[in-house]
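**Student:** Dropping in query-v4.cif, with mmCIF, N, CA and C atoms.
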data_final
#
loop_
_atom_site.group_PDB
_atom_site.id
_atom_site.type_symbol
_atom_site.label_atom_id
_atom_site.label_comp_id
_atom_site.auth_asym_id
_atom_site.auth_seq_id
_atom_site.Cartn_x
_atom_site.Cartn_y
_atom_site.Cartn_z
ATOM 1 N N LEU A 1 119.473 161.445 -4.750
ATOM 2 C CA LEU A 1 118.379 162.245 -4.237
ATOM 3 C C LEU A 1 117.752 163.009 -5.388
ATOM 4 N N TYR A 2 116.471 162.849 -5.549
ATOM 5 C CA TYR A 2 115.731 163.552 -6.577
ATOM 6 C C TYR A 2 114.829 164.569 -5.899
ATOM 7 N N THR A 3 114.765 165.753 -6.462
ATOM 8 C CA THR A 3 113.939 166.806 -5.893
ATOM 9 C C THR A 3 113.034 167.373 -6.972
ATOM 10 N N LEU A 4 111.761 167.467 -6.690
ATOM 11 C CA LEU A 4 110.835 168.077 -7.625
ATOM 12 C C LEU A 4 110.978 169.582 -7.524
ATOM 13 N N SER A 5 111.195 170.231 -8.650
ATOM 14 C CA SER A 5 111.360 171.679 -8.664
ATOM 15 C C SER A 5 110.047 172.343 -9.011
ATOM 16 N N THR A 6 109.576 173.182 -8.123
ATOM 17 C CA THR A 6 108.325 173.877 -8.396
ATOM 18 C C THR A 6 108.545 175.048 -9.345
ATOM 19 N N THR A 7 109.779 175.554 -9.424
ATOM 20 C CA THR A 7 110.031 176.693 -10.304
ATOM 21 C C THR A 7 110.173 176.276 -11.762
ATOM 22 N N THR A 8 110.773 175.113 -12.007
ATOM 23 C CA THR A 8 110.964 174.671 -13.388
ATOM 24 C C THR A 8 109.918 173.658 -13.811
ATOM 25 N N GLY A 9 109.219 173.081 -12.836
ATOM 26 C CA GLY A 9 108.253 172.046 -13.157
ATOM 27 C C GLY A 9 108.919 170.732 -13.493
ATOM 28 N N GLY A 10 110.226 170.659 -13.312
ATOM 29 C CA GLY A 10 110.964 169.443 -13.622
ATOM 30 C C GLY A 10 111.522 168.817 -12.366
ATOM 31 N N VAL A 11 112.426 167.908 -12.577
ATOM 32 C CA VAL A 11 113.076 167.218 -11.479
ATOM 33 C C VAL A 11 114.542 167.604 -11.485
ATOM 34 N N ILE A 12 115.066 167.959 -10.335
ATOM 35 C CA ILE A 12 116.473 168.318 -10.211
ATOM 36 C C ILE A 12 117.177 167.174 -9.499
ATOM 37 N N ILE A 13 118.326 166.764 -10.011
ATOM 38 C CA ILE A 13 119.066 165.692 -9.372
ATOM 39 C C ILE A 13 120.402 166.205 -8.866
ATOM 40 N N THR A 14 120.912 165.541 -7.849
ATOM 41 C CA THR A 14 122.167 165.935 -7.233
ATOM 42 C C THR A 14 123.344 165.619 -8.149
ATOM 43 N N GLY A 15 124.502 166.192 -7.807
ATOM 44 C CA GLY A 15 125.706 165.975 -8.595
ATOM 45 C C GLY A 15 126.066 164.512 -8.732
ATOM 46 N N ASN A 16 125.938 163.750 -7.640
ATOM 47 C CA ASN A 16 126.305 162.337 -7.734
ATOM 48 C C ASN A 16 125.369 161.574 -8.668
ATOM 49 N N GLU A 17 124.096 161.870 -8.644
ATOM 50 C CA GLU A 17 123.162 161.204 -9.558
ATOM 51 C C GLU A 17 123.387 161.666 -10.995
ATOM 52 N N ARG A 18 123.744 162.924 -11.158
ATOM 53 C CA ARG A 18 124.042 163.446 -12.500
ATOM 54 C C ARG A 18 125.272 162.759 -13.074
ATOM 55 N N LEU A 19 126.275 162.519 -12.233
ATOM 56 C CA LEU A 19 127.477 161.832 -12.687
ATOM 57 C C LEU A 19 127.155 160.403 -13.091
ATOM 58 N N LYS A 20 126.349 159.712 -12.301
ATOM 59 C CA LYS A 20 125.928 158.346 -12.646
ATOM 60 C C LYS A 20 125.199 158.342 -13.982
ATOM 61 N N ARG A 21 124.315 159.313 -14.152
ATOM 62 C CA ARG A 21 123.541 159.402 -15.395
ATOM 63 C C ARG A 21 124.467 159.625 -16.581
ATOM 64 N N LEU A 22 125.435 160.522 -16.442
ATOM 65 C CA LEU A 22 126.365 160.802 -17.523
ATOM 66 C C LEU A 22 127.196 159.575 -17.856
ATOM 67 N N ARG A 23 127.711 158.901 -16.833
ATOM 68 C CA ARG A 23 128.532 157.713 -17.070
ATOM 69 C C ARG A 23 127.721 156.632 -17.771
ATOM 70 N N SER A 24 126.486 156.445 -17.337
ATOM 71 C CA SER A 24 125.606 155.466 -17.970
ATOM 72 C C SER A 24 125.305 155.855 -19.411
ATOM 73 N N TYR A 25 125.015 157.126 -19.628
ATOM 74 C CA TYR A 25 124.706 157.630 -20.965
ATOM 75 C C TYR A 25 125.869 157.390 -21.920
ATOM 76 N N LEU A 26 127.101 157.602 -21.416
ATOM 77 C CA LEU A 26 128.291 157.420 -22.241
ATOM 78 C C LEU A 26 128.730 155.961 -22.324
ATOM 79 N N GLY A 27 128.159 155.111 -21.478
ATOM 80 C CA GLY A 27 128.523 153.696 -21.482
ATOM 81 C C GLY A 27 129.939 153.446 -20.975
ATOM 82 N N LEU A 28 130.356 154.239 -19.974
ATOM 83 C CA LEU A 28 131.723 154.134 -19.461
ATOM 84 C C LEU A 28 131.770 153.390 -18.131
ATOM 85 N N SER A 29 132.875 152.704 -17.893
ATOM 86 C CA SER A 29 133.128 152.100 -16.585
ATOM 87 C C SER A 29 133.602 153.194 -15.633
ATOM 88 N N LEU A 30 133.710 152.839 -14.350
ATOM 89 C CA LEU A 30 134.237 153.798 -13.382
ATOM 90 C C LEU A 30 135.636 154.261 -13.789
ATOM 91 N N ARG A 31 136.471 153.327 -14.196
ATOM 92 C CA ARG A 31 137.842 153.666 -14.587
ATOM 93 C C ARG A 31 137.867 154.565 -15.826
ATOM 94 N N GLU A 32 137.015 154.265 -16.784
ATOM 95 C CA GLU A 32 136.967 155.089 -17.995
ATOM 96 C C GLU A 32 136.477 156.503 -17.682
ATOM 97 N N MET A 33 135.484 156.603 -16.796
ATOM 98 C CA MET A 33 134.993 157.922 -16.405
ATOM 99 C C MET A 33 136.081 158.682 -15.652
ATOM 100 N N ALA A 34 136.808 157.970 -14.799
ATOM 101 C CA ALA A 34 137.910 158.589 -14.067
ATOM 102 C C ALA A 34 138.955 159.130 -15.041
ATOM 103 N N ASP A 35 139.242 158.384 -16.089
ATOM 104 C CA ASP A 35 140.188 158.858 -17.111
ATOM 105 C C ASP A 35 139.669 160.125 -17.776
ATOM 106 N N GLU A 36 138.378 160.164 -18.074
ATOM 107 C CA GLU A 36 137.781 161.350 -18.700
ATOM 108 C C GLU A 36 137.924 162.586 -17.809
ATOM 109 N N PHE A 37 137.737 162.385 -16.496
ATOM 110 C CA PHE A 37 137.792 163.492 -15.546
ATOM 111 C C PHE A 37 139.199 163.704 -14.987
ATOM 112 N N GLU A 38 140.123 162.836 -15.387
ATOM 113 C CA GLU A 38 141.510 162.880 -14.921
ATOM 114 C C GLU A 38 141.607 162.841 -13.399
ATOM 115 N N VAL A 39 140.878 161.869 -12.830
ATOM 116 C CA VAL A 39 140.901 161.602 -11.392
ATOM 117 C C VAL A 39 141.019 160.095 -11.207
ATOM 118 N N THR A 40 141.119 159.644 -9.968
ATOM 119 C CA THR A 40 141.168 158.212 -9.701
ATOM 120 C C THR A 40 139.770 157.606 -9.803
ATOM 121 N N HIS A 41 139.724 156.300 -10.054
ATOM 122 C CA HIS A 41 138.404 155.663 -10.113
ATOM 123 C C HIS A 41 137.746 155.670 -8.735
ATOM 124 N N GLY A 42 138.581 155.710 -7.674
ATOM 125 C CA GLY A 42 138.033 155.810 -6.320
ATOM 126 C C GLY A 42 137.283 157.110 -6.097
ATOM 127 N N ALA A 43 137.793 158.202 -6.683
ATOM 128 C CA ALA A 43 137.112 159.489 -6.564
ATOM 129 C C ALA A 43 135.742 159.428 -7.224
ATOM 130 N N VAL A 44 135.676 158.834 -8.404
ATOM 131 C CA VAL A 44 134.388 158.708 -9.102
ATOM 132 C C VAL A 44 133.429 157.860 -8.274
ATOM 133 N N ALA A 45 133.926 156.765 -7.717
ATOM 134 C CA ALA A 45 133.075 155.897 -6.893
ATOM 135 C C ALA A 45 132.544 156.648 -5.670
ATOM 136 N N LEU A 46 133.402 157.435 -5.024
ATOM 137 C CA LEU A 46 132.967 158.202 -3.856
ATOM 138 C C LEU A 46 131.967 159.288 -4.237
ATOM 139 N N TRP A 47 132.180 159.930 -5.363
ATOM 140 C CA TRP A 47 131.220 160.940 -5.832
ATOM 141 C C TRP A 47 129.864 160.298 -6.115
ATOM 142 N N GLU A 48 129.896 159.183 -6.840
ATOM 143 C CA GLU A 48 128.634 158.534 -7.211
ATOM 144 C C GLU A 48 127.868 158.028 -5.996
ATOM 145 N N SER A 49 128.583 157.576 -4.980
ATOM 146 C CA SER A 49 127.917 157.049 -3.783
ATOM 147 C C SER A 49 127.444 158.168 -2.860
ATOM 148 N N GLY A 50 127.903 159.388 -3.123
ATOM 149 C CA GLY A 50 127.535 160.513 -2.274
ATOM 150 C C GLY A 50 128.416 160.640 -1.042
ATOM 151 N N GLU A 51 129.453 159.801 -0.939
ATOM 152 C CA GLU A 51 130.354 159.845 0.212
ATOM 153 C C GLU A 51 131.325 161.019 0.142
ATOM 154 N N ARG A 52 131.520 161.569 -1.045
ATOM 155 C CA ARG A 52 132.375 162.739 -1.216
ATOM 156 C C ARG A 52 131.573 163.785 -1.971
ATOM 157 N N PRO A 53 131.599 165.038 -1.502
ATOM 158 C CA PRO A 53 130.864 166.096 -2.215
ATOM 159 C C PRO A 53 131.384 166.265 -3.643
ATOM 160 N N PHE A 54 130.486 166.477 -4.543
ATOM 161 C CA PHE A 54 130.821 166.662 -5.953
ATOM 162 C C PHE A 54 130.727 168.157 -6.240
ATOM 163 N N THR A 55 131.884 168.842 -6.153
ATOM 164 C CA THR A 55 131.904 170.300 -6.285
ATOM 165 C C THR A 55 133.102 170.742 -7.112
ATOM 166 N N GLY A 56 133.248 172.036 -7.251
ATOM 167 C CA GLY A 56 134.427 172.631 -7.870
ATOM 168 C C GLY A 56 134.614 172.289 -9.334
ATOM 169 N N PRO A 57 135.878 172.106 -9.737
ATOM 170 C CA PRO A 57 136.189 171.851 -11.147
ATOM 171 C C PRO A 57 135.501 170.601 -11.707
ATOM 172 N N ALA A 58 135.363 169.576 -10.886
ATOM 173 C CA ALA A 58 134.702 168.355 -11.364
ATOM 174 C C ALA A 58 133.234 168.626 -11.694
ATOM 175 N N LEU A 59 132.579 169.416 -10.855
ATOM 176 C CA LEU A 59 131.177 169.760 -11.123
ATOM 177 C C LEU A 59 131.067 170.591 -12.397
ATOM 178 N N ARG A 60 131.992 171.502 -12.595
ATOM 179 C CA ARG A 60 131.980 172.317 -13.822
ATOM 180 C C ARG A 60 132.199 171.441 -15.046
ATOM 181 N N LEU A 61 133.099 170.458 -14.942
ATOM 182 C CA LEU A 61 133.332 169.540 -16.055
ATOM 183 C C LEU A 61 132.067 168.744 -16.365
ATOM 184 N N LEU A 62 131.381 168.301 -15.316
ATOM 185 C CA LEU A 62 130.108 167.595 -15.501
ATOM 186 C C LEU A 62 129.120 168.487 -16.242
ATOM 187 N N GLU A 63 129.036 169.753 -15.845
ATOM 188 C CA GLU A 63 128.120 170.695 -16.500
ATOM 189 C C GLU A 63 128.460 170.858 -17.977
ATOM 190 N N LEU A 64 129.746 170.909 -18.299
ATOM 191 C CA LEU A 64 130.162 171.037 -19.698
ATOM 192 C C LEU A 64 129.757 169.820 -20.515
ATOM 193 N N TYR A 65 129.944 168.632 -19.951
ATOM 194 C CA TYR A 65 129.510 167.408 -20.630
ATOM 195 C C TYR A 65 127.996 167.438 -20.849
ATOM 196 N N GLU A 66 127.251 167.800 -19.796
ATOM 197 C CA GLU A 66 125.791 167.845 -19.911
ATOM 198 C C GLU A 66 125.351 168.823 -20.994
ATOM 199 N N GLU A 67 125.988 169.990 -21.023
ATOM 200 C CA GLU A 67 125.639 170.991 -22.042
ATOM 201 C C GLU A 67 125.914 170.441 -23.444
ATOM 202 N N GLU A 68 127.070 169.846 -23.622
ATOM 203 C CA GLU A 68 127.464 169.323 -24.932
ATOM 204 C C GLU A 68 126.532 168.207 -25.403
ATOM 205 N N LEU A 69 126.089 167.374 -24.458
ATOM 206 C CA LEU A 69 125.243 166.229 -24.803
ATOM 207 C C LEU A 69 123.752 166.538 -24.722
ATOM 208 N N GLY A 70 123.410 167.736 -24.270
ATOM 209 C CA GLY A 70 121.997 168.101 -24.149
ATOM 210 C C GLY A 70 121.313 167.450 -22.972
ATOM 211 N N LEU A 71 122.081 167.127 -21.936
ATOM 212 C CA LEU A 71 121.520 166.540 -20.714
ATOM 213 C C LEU A 71 121.375 167.632 -19.670
ATOM 214 N N SER A 72 120.171 168.027 -19.391
ATOM 215 C CA SER A 72 119.920 169.074 -18.409
ATOM 216 C C SER A 72 119.688 168.455 -17.034
ATOM 217 N N PRO A 73 120.146 169.110 -15.969
ATOM 218 C CA PRO A 73 119.852 168.596 -14.623
ATOM 219 C C PRO A 73 118.360 168.469 -14.342
ATOM 220 N N THR A 74 117.534 169.168 -15.098
ATOM 221 C CA THR A 74 116.087 169.071 -14.888
ATOM 222 C C THR A 74 115.418 168.114 -15.867
ATOM 223 N N SER A 75 116.200 167.449 -16.710
ATOM 224 C CA SER A 75 115.595 166.546 -17.699
ATOM 225 C C SER A 75 115.754 165.092 -17.307
ATOM 226 N N VAL A 76 115.882 164.825 -16.034
ATOM 227 C CA VAL A 76 116.112 163.461 -15.580
ATOM 228 C C VAL A 76 114.991 162.527 -15.976
ATOM 229 N N VAL A 77 113.775 163.012 -16.029
ATOM 230 C CA VAL A 77 112.646 162.157 -16.390
ATOM 231 C C VAL A 77 112.820 161.606 -17.791
ATOM 232 N N GLN A 78 113.380 162.403 -18.699
ATOM 233 C CA GLN A 78 113.625 161.929 -20.055
ATOM 234 C C GLN A 78 114.870 161.056 -20.119
ATOM 235 N N ALA A 79 115.894 161.373 -19.319
ATOM 236 C CA ALA A 79 117.172 160.690 -19.416
ATOM 237 C C ALA A 79 117.221 159.376 -18.648
ATOM 238 N N LEU A 80 116.397 159.207 -17.645
ATOM 239 C CA LEU A 80 116.409 157.992 -16.850
ATOM 240 C C LEU A 80 115.042 157.312 -16.918
ATOM 241 N N PRO A 81 114.864 156.455 -17.899
ATOM 242 C CA PRO A 81 113.555 155.813 -18.068
ATOM 243 C C PRO A 81 113.072 155.071 -16.826
ATOM 244 N N GLU A 82 113.993 154.426 -16.086
ATOM 245 C CA GLU A 82 113.568 153.694 -14.896
ATOM 246 C C GLU A 82 113.026 154.638 -13.832
ATOM 247 N N PHE A 83 113.578 155.858 -13.744
ATOM 248 C CA PHE A 83 113.071 156.839 -12.793
ATOM 249 C C PHE A 83 111.716 157.352 -13.250
ATOM 250 N N ARG A 84 111.601 157.586 -14.539
ATOM 251 C CA ARG A 84 110.325 158.040 -15.098
ATOM 252 C C ARG A 84 109.237 157.018 -14.815
ATOM 253 N N LYS A 85 109.568 155.740 -15.014
ATOM 254 C CA LYS A 85 108.605 154.684 -14.777
ATOM 255 C C LYS A 85 108.195 154.646 -13.315
ATOM 256 N N SER A 86 109.157 154.843 -12.391
ATOM 257 C CA SER A 86 108.831 154.795 -10.965
ATOM 258 C C SER A 86 107.921 155.945 -10.558
ATOM 259 N N ILE A 87 108.011 157.080 -11.228
ATOM 260 C CA ILE A 87 107.140 158.215 -10.924
ATOM 261 C C ILE A 87 105.727 157.936 -11.441
ATOM 262 N N ILE A 88 105.659 157.396 -12.661
ATOM 263 C CA ILE A 88 104.360 157.160 -13.298
ATOM 264 C C ILE A 88 103.604 156.036 -12.623
ATOM 265 N N ASP A 89 104.328 154.980 -12.212
ATOM 266 C CA ASP A 89 103.661 153.804 -11.590
ATOM 267 C C ASP A 89 103.217 154.093 -10.237
#
Let's see the structure in the file written out as structure tokens.
**Tutor:**
Amino acid sequence: LYTLSTTTGGVIITGNERLKRLRSYLGLSLREMADEFEVTHGAVALWESGERPFTGPALRLLELYEEELGLSPTSVVQALPEFRKSIID
């Protein structure tokens, strides 16, 4: 789910989409991402699909990765070229 933010002028994405973006950015498989987060690969799959809420310590870990890599929740247009293209087209 992508939401246009009127306060930042950017696009805000949900935790599950942010996790997908991070995993793609790092070039990791579900299992590798699960190892990074010290959870099962099933948990990562459920988070990414939106079937399980992405909250608590896992969300904080995602935020730390984003901060370290310079990936802002509002910078999705820059980080996901296919999404940027779909907005422009």
**Student:** As a PyMOL selection string, please: all residues of stretch 14-69 of chain A that backbone DSSP puts in helix (DSSP H, G or I).
**Tutor:** chain A and resi 15-26+30-37+41-49+56-69
**Student:** Find the residues around A:Leu46 up to 12 Å (only C-alpha atoms counted), leave out those fewer than 2 positions away in its own chain, and share them as a ChimeraX atom specification.
**Tutor:** /A:15-17,19-20,30,34,39-44,48-54
**Student:** So how many Å separate atom CA of A:Leu59 and atom CA of A:Asp35, to one decimal?
**Tutor:**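 Taking atom CA of A:Leu59 as the start and atom CA of A:Asp35 as the end point, the length is 15.4 Å.
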**Student:** In Å, rounded to a single decimal, give me how far atom C of A:Ala45 is from atom C of A:Glu32.
**Tutor:**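 Value for the atom C of A:Glu32-atom C of A:Ala45 distance: 12.6 Å.
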**Student:** Between A:Arg21, A:Leu26, A:Arg31, A:Phe37, which one has atoms that come closest to A:Leu61, using only N, CA and C atoms?
**Tutor:**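 The answer is A:Phe37, which sits nearest to A:Leu61.
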**Student:** Hey, can you check how far atom C of A:Glu66 sits from atom C of A:Tyr25?
**Tutor:**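 Going from atom C of A:Glu66 over to atom C of A:Tyr25, I get 11.5 Å.
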